[in-house]
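Asker: File follows, start11.csv with CSV, C-alpha atoms:
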chain,number,residue,atom,x,y,z
A,153,MET,CA,56.6,107.0,137.6
A,154,THR,CA,60.2,106.7,138.6
A,155,ASN,CA,60.6,103.7,136.4
A,156,ALA,CA,59.0,105.6,133.5
A,157,ALA,CA,61.3,108.6,134.1
A,158,VAL,CA,64.3,106.4,134.2
A,159,HIS,CA,63.1,104.5,131.1
A,160,MET,CA,62.6,107.8,129.3
A,161,GLU,CA,65.9,109.1,130.4
A,162,GLY,CA,67.4,105.9,129.2
A,163,GLN,CA,65.7,106.3,125.9
A,164,LEU,CA,66.8,109.9,125.6
A,165,HIS,CA,70.2,109.0,126.7
A,166,GLY,CA,70.3,106.1,124.2
A,167,SER,CA,69.2,108.2,121.2
A,168,ALA,CA,71.5,111.0,122.3
A,169,HIS,CA,74.3,108.6,122.5
A,170,ASP,CA,73.4,107.3,119.0
A,171,ALA,CA,73.4,110.8,117.6
A,172,VAL,CA,76.8,111.5,119.2
A,173,ALA,CA,78.1,108.2,117.9
A,174,THR,CA,77.0,108.8,114.3
A,175,GLY,CA,77.9,112.5,114.6
A,176,ALA,CA,81.4,111.5,115.7
A,177,LEU,CA,81.6,109.1,112.8
A,178,ASP,CA,80.6,111.8,110.3
A,179,ALA,CA,82.9,114.4,112.0
A,180,LYS,CA,85.7,112.0,111.2
A,181,GLY,CA,85.0,112.8,107.6
A,182,GLN,CA,86.7,115.7,105.9
A,183,GLN,CA,84.8,118.8,106.8
A,184,HIS,CA,86.1,122.2,105.8
A,185,PRO,CA,84.5,125.6,105.2
A,186,ILE,CA,82.7,125.9,101.9
A,187,LYS,CA,84.7,129.2,101.4
A,188,LEU,CA,87.9,127.2,101.2
A,189,TYR,CA,86.5,125.2,98.2
A,190,LEU,CA,85.3,128.4,96.5
A,191,VAL,CA,88.7,130.0,96.9
A,192,VAL,CA,90.4,127.0,95.4
A,193,TRP,CA,87.9,126.8,92.6
A,194,GLY,CA,88.6,130.5,91.8
A,195,TRP,CA,92.4,129.8,91.8
A,196,LEU,CA,91.9,126.9,89.4
A,197,PHE,CA,90.0,129.2,87.1
A,198,VAL,CA,92.8,131.8,87.3
A,199,LEU,CA,95.6,129.3,86.8
A,200,SER,CA,93.8,127.7,83.8
A,201,THR,CA,93.3,131.2,82.3
A,202,PHE,CA,97.0,131.8,82.7
A,203,SER,CA,97.8,128.4,81.0
A,204,TYR,CA,95.5,129.3,78.1
A,205,LEU,CA,97.0,132.8,77.8
A,206,VAL,CA,100.5,131.2,77.5
A,207,ASP,CA,99.2,129.6,74.3
A,208,TYR,CA,97.1,132.6,73.2
A,209,PHE,CA,100.0,135.0,73.3
A,210,GLY,CA,102.2,132.5,71.6
A,211,LEU,CA,105.0,132.5,74.2
A,212,HIS,CA,107.9,130.3,73.2
A,213,GLY,CA,111.0,128.6,74.4
A,214,TYR,CA,111.9,128.1,78.1
A,215,LEU,CA,109.5,130.7,79.3
A,216,ARG,CA,106.6,128.8,77.7
A,217,TRP,CA,107.6,125.4,79.1
A,218,SER,CA,108.4,126.6,82.6
A,219,LEU,CA,105.1,128.6,82.8
A,220,ILE,CA,103.1,125.6,81.5
A,221,LEU,CA,104.7,123.3,84.1
A,222,LEU,CA,104.3,125.8,86.9
A,223,PHE,CA,100.6,126.3,86.3
A,224,MET,CA,100.1,122.6,85.9
A,225,MET,CA,101.8,121.7,89.1
A,226,LEU,CA,100.0,124.5,91.1
A,227,LYS,CA,96.6,123.2,89.7
A,228,ALA,CA,97.4,119.6,90.4
A,229,GLY,CA,98.6,120.5,93.9
A,230,LEU,CA,95.5,122.4,94.8
A,231,ILE,CA,93.2,119.6,93.5
A,232,VAL,CA,95.1,116.9,95.4
A,233,ALA,CA,95.7,118.8,98.6
A,234,VAL,CA,92.3,120.5,99.1
A,235,PHE,CA,89.6,118.9,96.8
A,236,MET,CA,90.9,115.4,97.5
A,237,HIS,CA,91.7,116.3,101.1
A,238,MET,CA,95.3,114.9,100.9
A,239,ALA,CA,96.5,117.8,103.1
A,240,TRP,CA,94.5,116.4,106.1
A,241,GLU,CA,95.0,112.6,105.5
A,242,ARG,CA,97.2,110.4,107.6
A,243,LEU,CA,100.9,110.8,106.5
A,244,ALA,CA,101.2,107.0,106.0
A,245,LEU,CA,98.5,107.2,103.3
A,246,THR,CA,99.8,110.4,101.8
A,247,TYR,CA,103.3,109.0,101.3
A,248,ALA,CA,102.0,105.7,100.1
A,249,ILE,CA,100.0,107.5,97.3
A,250,LEU,CA,102.3,110.4,96.5
A,251,LEU,CA,105.7,108.8,96.4
A,252,PRO,CA,105.1,106.1,93.8
A,253,PRO,CA,104.2,108.5,91.0
A,254,ILE,CA,107.4,110.4,91.7
A,255,ALA,CA,109.3,107.2,90.8
A,256,VAL,CA,107.6,107.5,87.3
A,257,LEU,CA,110.0,110.5,86.8
A,258,VAL,CA,112.9,108.0,86.5
A,259,PHE,CA,110.9,106.2,83.8
A,260,VAL,CA,110.4,109.6,82.1
A,261,ALA,CA,114.1,110.3,82.2
A,262,ILE,CA,114.9,106.9,80.7
A,263,MET,CA,112.4,107.2,77.9
A,264,ALA,CA,113.6,110.8,77.1
A,265,LEU,CA,117.1,109.5,76.7
A,266,GLU,CA,115.9,106.6,74.7
A,267,SER,CA,113.8,108.7,72.3
A,268,GLU,CA,116.6,111.2,71.8
A,269,TYR,CA,118.8,108.2,70.7
A,270,THR,CA,116.0,106.9,68.4
A,271,HIS,CA,115.6,110.3,66.9
A,272,PHE,CA,119.4,110.5,66.4
A,273,LEU,CA,119.4,107.2,64.6
A,274,ARG,CA,116.4,108.1,62.4
A,275,VAL,CA,118.1,111.4,61.4
A,276,LEU,CA,121.3,109.6,60.7
A,277,PHE,CA,119.9,106.7,58.6
A,278,PHE,CA,116.4,107.6,57.3
A,279,ALA,CA,115.6,111.3,57.3
A,280,ALA,CA,118.1,112.1,54.6
A,281,HIS,CA,116.4,109.7,52.1
A,282,SER,CA,112.8,110.8,52.6
B,60,MET,CA,78.8,94.6,114.6
B,61,ALA,CA,81.4,92.5,112.9
B,62,GLU,CA,80.8,94.5,109.7
B,63,THR,CA,81.2,97.7,111.6
B,64,VAL,CA,84.6,96.6,112.8
B,65,LEU,CA,85.6,95.7,109.3
B,66,THR,CA,84.3,98.8,107.5
B,67,ASP,CA,84.4,101.6,110.0
B,68,PRO,CA,87.5,103.2,111.5
B,69,GLY,CA,85.4,103.5,114.6
B,70,GLN,CA,86.5,105.1,117.8
B,71,SER,CA,90.2,104.5,118.1
B,72,PRO,CA,92.9,105.6,120.6
B,73,ALA,CA,95.1,108.6,119.8
B,74,ARG,CA,97.5,107.8,117.0
B,75,LEU,CA,101.1,109.0,116.6
B,76,GLU,CA,101.6,111.7,114.1
B,77,GLY,CA,104.4,112.5,111.7
B,78,TRP,CA,107.2,110.1,110.9
B,79,ARG,CA,106.6,108.1,114.1
B,80,GLY,CA,103.0,107.8,112.9
B,81,ILE,CA,104.1,106.4,109.5
B,82,ALA,CA,106.4,103.9,111.2
B,83,ALA,CA,103.7,102.9,113.7
B,84,ASP,CA,101.0,102.5,110.9
B,85,TRP,CA,103.2,100.4,108.6
B,86,ALA,CA,104.9,98.4,111.3
B,87,SER,CA,101.8,97.1,113.1
B,88,ASP,CA,100.5,93.6,112.5
B,89,GLN,CA,97.1,95.1,111.8
B,90,ARG,CA,96.0,97.2,108.9
B,91,ALA,CA,98.0,100.2,107.8
B,92,PHE,CA,96.5,103.7,107.3
B,93,LYS,CA,94.9,103.8,110.8
B,94,ASP,CA,91.7,105.9,111.0
B,95,VAL,CA,91.4,105.8,107.2
B,96,SER,CA,88.4,103.7,106.1
B,97,TRP,CA,88.9,100.8,103.7
B,98,GLY,CA,86.7,102.5,101.2
B,99,LYS,CA,88.8,105.6,101.0
B,100,ALA,CA,92.1,103.7,101.1
B,101,MET,CA,91.0,101.3,98.3
B,102,MET,CA,89.8,104.2,96.1
B,103,TRP,CA,93.2,105.9,96.6
B,104,ILE,CA,95.0,102.7,95.7
B,105,PHE,CA,92.8,102.3,92.6
B,106,LEU,CA,93.6,105.9,91.6
B,107,LEU,CA,97.3,105.2,92.1
B,108,SER,CA,97.0,102.3,89.6
B,109,ASP,CA,95.2,104.6,87.3
B,110,THR,CA,98.0,107.2,87.6
B,111,PHE,CA,100.4,104.6,86.3
B,112,ILE,CA,98.1,103.8,83.3
B,113,PHE,CA,97.8,107.5,82.4
B,114,SER,CA,101.6,108.0,83.0
B,115,CYS,CA,102.3,105.2,80.5
B,116,PHE,CA,100.0,106.8,77.9
B,117,LEU,CA,101.7,110.2,78.4
B,118,LEU,CA,105.1,108.6,78.4
B,119,SER,CA,104.5,106.7,75.1
B,120,TYR,CA,103.2,110.0,73.6
B,121,MET,CA,106.4,111.8,74.8
B,122,THR,CA,108.6,109.0,73.3
B,123,ALA,CA,106.7,109.1,70.0
B,124,ARG,CA,106.8,112.9,69.8
B,125,MET,CA,110.5,113.2,70.7
B,126,SER,CA,111.7,110.4,68.4
B,127,THR,CA,109.8,111.3,65.2
B,128,THR,CA,111.6,113.1,62.4
B,129,VAL,CA,108.2,114.2,60.9
B,130,PRO,CA,106.9,117.6,62.2
B,131,TRP,CA,104.3,117.4,65.0
B,132,PRO,CA,101.0,119.2,64.3
B,133,ASN,CA,100.5,122.4,66.1
B,134,PRO,CA,97.7,121.6,68.7
B,135,SER,CA,97.0,125.3,69.1
B,136,GLU,CA,95.8,125.4,65.5
B,137,VAL,CA,94.4,121.9,65.3
B,138,PHE,CA,92.0,122.7,68.2
B,139,ALA,CA,91.2,126.3,67.1
B,140,LEU,CA,87.6,127.2,66.3
B,141,GLU,CA,85.9,129.9,64.3
B,142,ILE,CA,83.5,131.7,66.6
B,143,ALA,CA,81.5,134.6,65.2
B,144,GLY,CA,84.0,135.1,62.5
B,145,GLN,CA,86.9,135.1,65.0
B,146,HIS,CA,89.7,132.6,64.7
B,147,ILE,CA,90.4,131.6,68.3
B,148,PRO,CA,93.2,129.1,69.0
B,149,LEU,CA,92.6,126.2,71.4
B,150,ILE,CA,89.3,127.7,72.5
B,151,LEU,CA,87.3,124.4,72.7
B,152,ILE,CA,89.9,122.9,75.0
B,153,ALA,CA,89.9,125.9,77.2
B,154,ILE,CA,86.1,125.8,77.6
B,155,MET,CA,86.3,122.0,78.3
B,156,THR,CA,88.9,122.8,81.0
B,157,PHE,CA,86.7,125.4,82.7
B,158,VAL,CA,83.7,123.0,82.6
B,159,LEU,CA,85.7,120.2,84.2
B,160,ILE,CA,87.2,122.5,86.9
B,161,SER,CA,83.7,123.8,87.7
B,162,SER,CA,82.5,120.2,88.1
B,163,SER,CA,85.3,119.7,90.6
B,164,GLY,CA,84.1,122.7,92.5
B,165,THR,CA,80.5,121.5,92.8
B,166,MET,CA,81.8,118.0,93.7
B,167,ALA,CA,83.9,119.4,96.6
B,168,MET,CA,80.8,121.2,97.9
B,169,ALA,CA,78.7,118.1,97.6
B,170,VAL,CA,81.1,116.2,99.8
B,171,ASN,CA,80.8,119.0,102.4
B,172,PHE,CA,77.0,118.9,102.4
B,173,GLY,CA,77.1,115.1,102.5
B,174,TYR,CA,78.9,115.1,105.8
B,175,ARG,CA,76.3,117.7,107.1
B,176,ARG,CA,73.6,115.2,106.0
B,177,ASP,CA,72.0,117.8,103.8
B,178,ARG,CA,70.5,115.3,101.4
B,179,PHE,CA,69.0,117.6,98.8
B,180,ARG,CA,71.9,119.9,98.5
B,181,THR,CA,74.3,117.0,98.3
B,182,ALA,CA,72.3,115.2,95.6
B,183,ALA,CA,71.7,118.4,93.7
B,184,LEU,CA,75.4,119.3,93.6
B,185,MET,CA,76.3,115.8,92.5
B,186,LEU,CA,73.8,116.0,89.7
B,187,VAL,CA,75.2,119.4,88.6
B,188,THR,CA,78.6,117.8,88.7
B,189,ALA,CA,77.3,114.9,86.5
B,190,ALA,CA,75.8,117.5,84.1
B,191,PHE,CA,79.1,119.3,83.8
B,192,GLY,CA,80.7,115.9,83.1
B,193,ALA,CA,78.2,115.0,80.5
B,194,ALA,CA,78.7,118.5,78.9
B,195,PHE,CA,82.5,117.7,78.8
B,196,VAL,CA,81.9,114.4,77.1
B,197,GLY,CA,79.6,116.1,74.6
B,198,MET,CA,82.2,118.6,73.7
B,199,GLN,CA,84.7,115.8,73.4
B,200,ALA,CA,82.4,114.0,71.0
B,201,PHE,CA,82.2,117.3,68.9
B,202,GLU,CA,86.0,117.5,69.0
B,203,TRP,CA,86.4,113.9,67.8
B,204,THR,CA,83.8,114.4,65.1
B,205,LYS,CA,85.5,117.5,63.8
B,206,LEU,CA,89.0,115.9,63.7
B,207,ILE,CA,87.7,112.7,62.1
B,208,MET,CA,86.0,114.7,59.4
B,209,GLU,CA,89.3,116.6,58.8
B,210,GLY,CA,91.0,113.2,58.3
B,211,VAL,CA,92.6,112.4,61.6
B,212,ARG,CA,92.9,108.7,62.2
B,213,PRO,CA,94.8,106.5,64.8
B,214,TRP,CA,97.4,105.9,62.0
B,215,GLY,CA,97.7,109.4,60.6
B,216,ASN,CA,96.6,113.0,60.1
B,217,PRO,CA,96.8,115.6,57.4
B,218,TRP,CA,99.4,117.8,59.2
B,219,GLY,CA,102.4,115.6,59.9
B,220,ALA,CA,103.5,112.9,62.3
B,221,PRO,CA,101.0,110.0,62.2
B,222,GLN,CA,101.5,109.3,65.9
B,223,PHE,CA,99.6,112.4,66.6
B,224,GLY,CA,96.3,110.6,65.8
B,225,ALA,CA,97.2,107.5,67.8
B,226,SER,CA,98.2,109.6,70.9
B,227,PHE,CA,95.1,111.8,70.6
B,228,PHE,CA,92.5,109.1,70.3
B,229,MET,CA,94.2,106.9,73.0
B,230,ILE,CA,94.7,109.6,75.6
B,231,THR,CA,91.5,111.7,75.2
B,232,GLY,CA,89.5,108.5,74.6
B,233,PHE,CA,90.7,106.9,77.8
B,234,HIS,CA,90.1,110.1,79.7
B,235,GLY,CA,86.6,110.5,78.2
B,236,THR,CA,85.8,107.0,79.2
B,237,HIS,CA,86.8,107.8,82.8
B,238,VAL,CA,84.5,110.9,82.7
B,239,THR,CA,81.6,108.8,81.4
B,240,PHE,CA,82.0,106.2,84.1
B,241,GLY,CA,82.3,109.1,86.6
B,242,VAL,CA,78.9,110.5,85.5
B,243,ILE,CA,77.3,107.1,85.9
B,244,PHE,CA,78.9,106.7,89.3
B,245,LEU,CA,77.7,110.2,90.4
B,246,ILE,CA,74.1,109.6,89.3
B,247,ALA,CA,74.0,106.2,91.1
B,248,ILE,CA,75.3,107.7,94.4
B,249,ALA,CA,73.1,110.9,94.0
B,250,ARG,CA,70.1,108.6,93.8
B,251,LYS,CA,71.1,106.8,97.0
B,252,VAL,CA,71.6,110.1,98.8
B,253,LEU,CA,68.3,111.5,97.6
B,254,ARG,CA,66.5,108.4,98.7
B,255,GLY,CA,68.0,108.7,102.2
B,256,ASP,CA,69.9,105.3,102.0
B,257,PHE,CA,72.7,106.6,104.2
B,258,ASP,CA,70.3,108.0,106.8
B,259,VAL,CA,68.5,104.7,107.3
B,260,GLU,CA,71.6,102.6,106.6
B,261,ARG,CA,69.9,100.7,103.9
B,262,ARG,CA,71.9,97.8,102.6
B,263,GLY,CA,73.3,98.0,99.1
B,264,PHE,CA,71.6,95.9,96.4
B,265,PHE,CA,75.0,94.6,95.1
B,266,THR,CA,77.1,94.4,98.2
B,267,SER,CA,74.4,94.1,100.9
B,268,ARG,CA,76.5,96.4,103.1
B,269,LYS,CA,75.3,99.5,104.8
B,270,GLY,CA,76.3,102.7,103.1
B,271,HIS,CA,77.7,105.9,104.7
B,272,TYR,CA,77.9,109.5,103.6
B,273,GLU,CA,81.6,108.8,103.1
B,274,ILE,CA,80.8,107.3,99.7
B,275,VAL,CA,80.1,110.8,98.5
B,276,GLU,CA,83.7,111.7,99.4
B,277,ILE,CA,85.0,108.5,97.7
B,278,THR,CA,83.0,109.3,94.6
B,279,GLY,CA,84.5,112.8,94.8
B,280,LEU,CA,88.0,111.4,95.0
B,281,TYR,CA,87.4,109.6,91.7
B,282,TRP,CA,85.9,112.7,90.1
B,283,HIS,CA,88.7,115.0,91.2
B,284,PHE,CA,91.2,112.5,89.9
B,285,VAL,CA,89.5,112.7,86.4
B,286,ASP,CA,90.0,116.5,86.6
B,287,LEU,CA,93.5,116.0,87.8
B,288,VAL,CA,94.4,113.8,84.8
B,289,TRP,CA,93.0,116.5,82.5
B,290,VAL,CA,95.3,119.1,84.1
B,291,PHE,CA,98.3,117.0,82.8
B,292,ILE,CA,96.7,116.2,79.4
B,293,PHE,CA,95.9,119.9,78.9
B,294,ALA,CA,99.5,120.8,79.7
B,295,PHE,CA,101.3,118.0,77.9
B,296,PHE,CA,99.1,117.3,74.9
B,297,TYR,CA,97.3,120.5,74.1
B,298,LEU,CA,99.7,123.3,75.3
B,299,TRP,CA,103.1,121.6,74.8
Could I get this file's structure written as structure tokens?

Answerer:
Amino acid sequence: MTNAAVHMEGQLHGSAHDAVATGALDAKGQQHPIKLYLVVWGWLFVLSTFSYLVDYFGLHGYLRWSLILLFMMLKAGLIVAVFMHMAWERLALTYAILLPPIAVLVFVAIMALESEYTHFLRVLFFAAHS
Amino acid sequence: MAETVLTDPGQSPARLEGWRGIAADWASDQRAFKDVSWGKAMMWIFLLSDTFIFSCFLLSYMTARMSTTVPWPNPSEVFALEIAGQHIPLILIAIMTFVLISSSGTMAMAVNFGYRRDRFRTAALMLVTAAFGAAFVGMQAFEWTKLIMEGVRPWGNPWGAPQFGASFFMITGFHGTHVTFGVIFLIAIARKVLRGDFDVERRGFFTSRKGHYEIVEITGLYWHFVDLVWVFIFAFFYLW
């Protein structure tokens, strides 16, 4: 009787322990309220609509480019931070992933200068003849 | 057990946070990114490599567009549609954007239900995500067909700079391929979820490793990345 009770308790304890262990493993995963995702989803819709309206109303010049870039960065930020859970990841991972793409901006600057120069040469030597 | 040690973060002591945490993670003679599973870290590193590939495509597009002396076609008009007699600029791309964003929303919720071990909701939301993805690829096929019939080729187009065709097919083609593989990935994992593979820790056919519900989140990372890339393509190629 006592043995059986101990055995049962052991079993119960064992399975409870398993449940806690797997529960703890799952709890390590990214768990956030569904409402948060719905709010971000809504914002992505709103920001995309704004982006589309920039084109629809035919805005031009610096206003157009700055609005397009602003909505783009806000959307990208929301997706990476919330949908991809980067806001809650370890900083070592966050920096390892987010810093390298920023280095691409140097490449962008180099190629922008380069293409301005190519354009200048084309205008100088070719455009007049065509 | 050995596998558990290799693949699971397991129970670990409290880690330092902030800059001290970064230094401690990177300086240790063990693996970096403590408490982050291999699966997740490797997906992130793959996505980083993918970021560079898409960056190079967008960069070469920028270089071509900035250096050409021939006028660039107006994407707003190129991607306009006649709907019910109304001429609406860029409408197809706007719809594709909303479809892809919605797929990201359902995917984020699938991850949530995955960690709650709600098999049916997880699988259903993943399949809805896959359906949105398939719809996106379908609309892209329509877009490609329309442009090809109008005479757009990788080496030219009827409205100006020939590089427009090369940039268009390269960038949207590579993105569409990513979406297609994502749909296949989603269906494969949804099947495993539905079958309960992660509840019984069934070993994978290909890897012979035990799966976890974390794979839903890893699939989600890939899927959100595809949406993320579209945010940049939408801004730089279609709106710019």

Asker: Would you list the residues near (82.9, 116.1, 72.6), meaning any protein, DNA or RNA residue with an atom at most 12 Å from that point in file coordinates, counting all atoms listed in the file, as a ChimeraX atom specification?

Answerer: /B:151-152,154-155,192-206,231-232,234-236,238-239

Asker: Just checking: using all atoms listed in the file, which residue out of B:Thr110, B:Ser119, B:Gln145, B:Ser135 ends up closest to Tyr297 in chain B?

Answerer: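 Selected residue with least distance to Tyr297 in chain B: B:Ser135.
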
Asker: If I take CA of Ala182 in chain B and CA of Ala249 in chain B, how far is one from the other in Å, to one decimal?

Answerer: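 Answer for the CA of Ala182 in chain B to CA of Ala249 in chain B separation: 4.7 Å.
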
Asker: Taking only C-alpha atoms into account, what are the residues of chain B at most 6 Å from chain A, put as a VMD selection string?

Answerer: chain B and resid 81 92 122 125 to 126 164 167 171 174 280 287

Asker: Taking the point (74.8, 97.4, 101.6) as given in the file, collect each protein or nucleic acid residue that comes within 12 Å of it, counting only C-alpha atoms, and present the set as an MDAnalysis selection string.

Answerer: chainID B and resid 62:63 66 251 256:257 259:271 274

Asker: Which residues are near Phe233 in chain B? Cut-off 10 Å, only C-alpha atoms, ignore same chain within fewer than 4 positions. Put them as a ChimeraX atom specification.

Answerer: /B:112-113,116,227-229,237-239

Asker: Pull C-alpha atoms from the residues just selected and write them as a PDB file, keeping the file's coordinate frame.

Answerer:
ATOM      1  CA  ILE B 112      98.100 103.800  83.300  1.00  0.00           C
ATOM      2  CA  PHE B 113      97.800 107.500  82.400  1.00  0.00           C
ATOM      3  CA  PHE B 116     100.000 106.800  77.900  1.00  0.00           C
ATOM      4  CA  PHE B 227      95.100 111.800  70.600  1.00  0.00           C
ATOM      5  CA  PHE B 228      92.500 109.100  70.300  1.00  0.00           C
ATOM      6  CA  MET B 229      94.200 106.900  73.000  1.00  0.00           C
ATOM      7  CA  HIS B 237      86.800 107.800  82.800  1.00  0.00           C
ATOM      8  CA  VAL B 238      84.500 110.900  82.700  1.00  0.00           C
ATOM      9  CA  THR B 239      81.600 108.800  81.400  1.00  0.00           C
TER      10      THR B 239
END

Asker: Report as a ChimeraX atom specification all protein, DNA and RNA residues lying within 8 Å of Pro132 in chain B, evaluated on all atoms listed in the file, omitting residues in the same chain fewer than 4 positions from it.

Answerer: /B:137,218-220,223

Asker: Need the shell around Ser161 in chain B: protein/DNA/RNA residues with any atom at most 8 Å away, counting all atoms listed in the file. Skip same-chain ones fewer than 4 positions apart. Format as a PyMOL selection string?

Answerer: (chain A and resi 193) or (chain B and resi 157+165+188+191)

Asker: Residues at most 10 Å from Phe296 in chain B, counting all atoms listed in the file, excluding those fewer than 2 positions away in the same chain, as a list in words?

Answerer: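 Listed by chain and then number, they are Leu117, Tyr120, Met121, Pro134, Phe223, Ser226, Phe227, Ile230, Thr231, Trp289, Phe291, Ile292, Phe293, Ala294, Leu298 and Trp299 of chain B.
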
Asker: Since the input has fewer atoms than a full residue there, write range 135-149 of chain B out with N, CA, C and O atoms, as a CSV table (one decimal), in the frame of the given file.

Answerer:
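What landed in part_18.csv:
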chain,number,residue,atom,x,y,z
B,135,SER,N,97.7,124.0,69.0
B,135,SER,CA,97.0,125.3,69.1
B,135,SER,C,96.1,125.6,67.9
B,135,SER,O,95.0,126.1,68.0
B,136,GLU,N,96.6,125.2,66.7
B,136,GLU,CA,95.8,125.4,65.5
B,136,GLU,C,94.9,124.3,65.2
B,136,GLU,O,93.7,124.5,64.7
B,137,VAL,N,95.3,123.1,65.5
B,137,VAL,CA,94.4,121.9,65.3
B,137,VAL,C,93.1,122.1,66.1
B,137,VAL,O,92.0,121.8,65.6
B,138,PHE,N,93.2,122.6,67.3
B,138,PHE,CA,92.0,122.7,68.2
B,138,PHE,C,91.5,124.2,68.2
B,138,PHE,O,90.8,124.5,69.1
B,139,ALA,N,91.8,125.0,67.2
B,139,ALA,CA,91.2,126.3,67.1
B,139,ALA,C,89.8,126.2,66.5
B,139,ALA,O,89.4,125.2,65.9
B,140,LEU,N,89.0,127.2,66.8
B,140,LEU,CA,87.6,127.2,66.3
B,140,LEU,C,87.3,128.6,65.7
B,140,LEU,O,87.9,129.6,66.2
B,141,GLU,N,86.4,128.7,64.8
B,141,GLU,CA,85.9,129.9,64.3
B,141,GLU,C,84.6,130.3,65.0
B,141,GLU,O,83.6,129.6,64.9
B,142,ILE,N,84.7,131.3,65.9
B,142,ILE,CA,83.5,131.7,66.6
B,142,ILE,C,83.1,133.1,66.2
B,142,ILE,O,83.9,134.0,66.4
B,143,ALA,N,81.9,133.3,65.7
B,143,ALA,CA,81.5,134.6,65.2
B,143,ALA,C,82.5,135.3,64.3
B,143,ALA,O,82.8,136.5,64.5
B,144,GLY,N,83.0,134.5,63.4
B,144,GLY,CA,84.0,135.1,62.5
B,144,GLY,C,85.4,135.2,63.0
B,144,GLY,O,86.3,135.6,62.3
B,145,GLN,N,85.5,135.0,64.3
B,145,GLN,CA,86.9,135.1,65.0
B,145,GLN,C,87.6,133.8,65.0
B,145,GLN,O,87.0,132.8,65.4
B,146,HIS,N,88.8,133.8,64.7
B,146,HIS,CA,89.7,132.6,64.7
B,146,HIS,C,90.3,132.5,66.1
B,146,HIS,O,91.2,133.3,66.3
B,147,ILE,N,89.9,131.6,67.0
B,147,ILE,CA,90.4,131.6,68.3
B,147,ILE,C,91.2,130.3,68.5
B,147,ILE,O,90.5,129.2,68.5
B,148,PRO,N,92.5,130.3,68.8
B,148,PRO,CA,93.2,129.1,69.0
B,148,PRO,C,92.9,128.4,70.3
B,148,PRO,O,92.7,129.0,71.3
B,149,LEU,N,92.7,127.0,70.2
B,149,LEU,CA,92.6,126.2,71.4
B,149,LEU,C,91.4,126.5,72.2
B,149,LEU,O,91.3,126.1,73.4
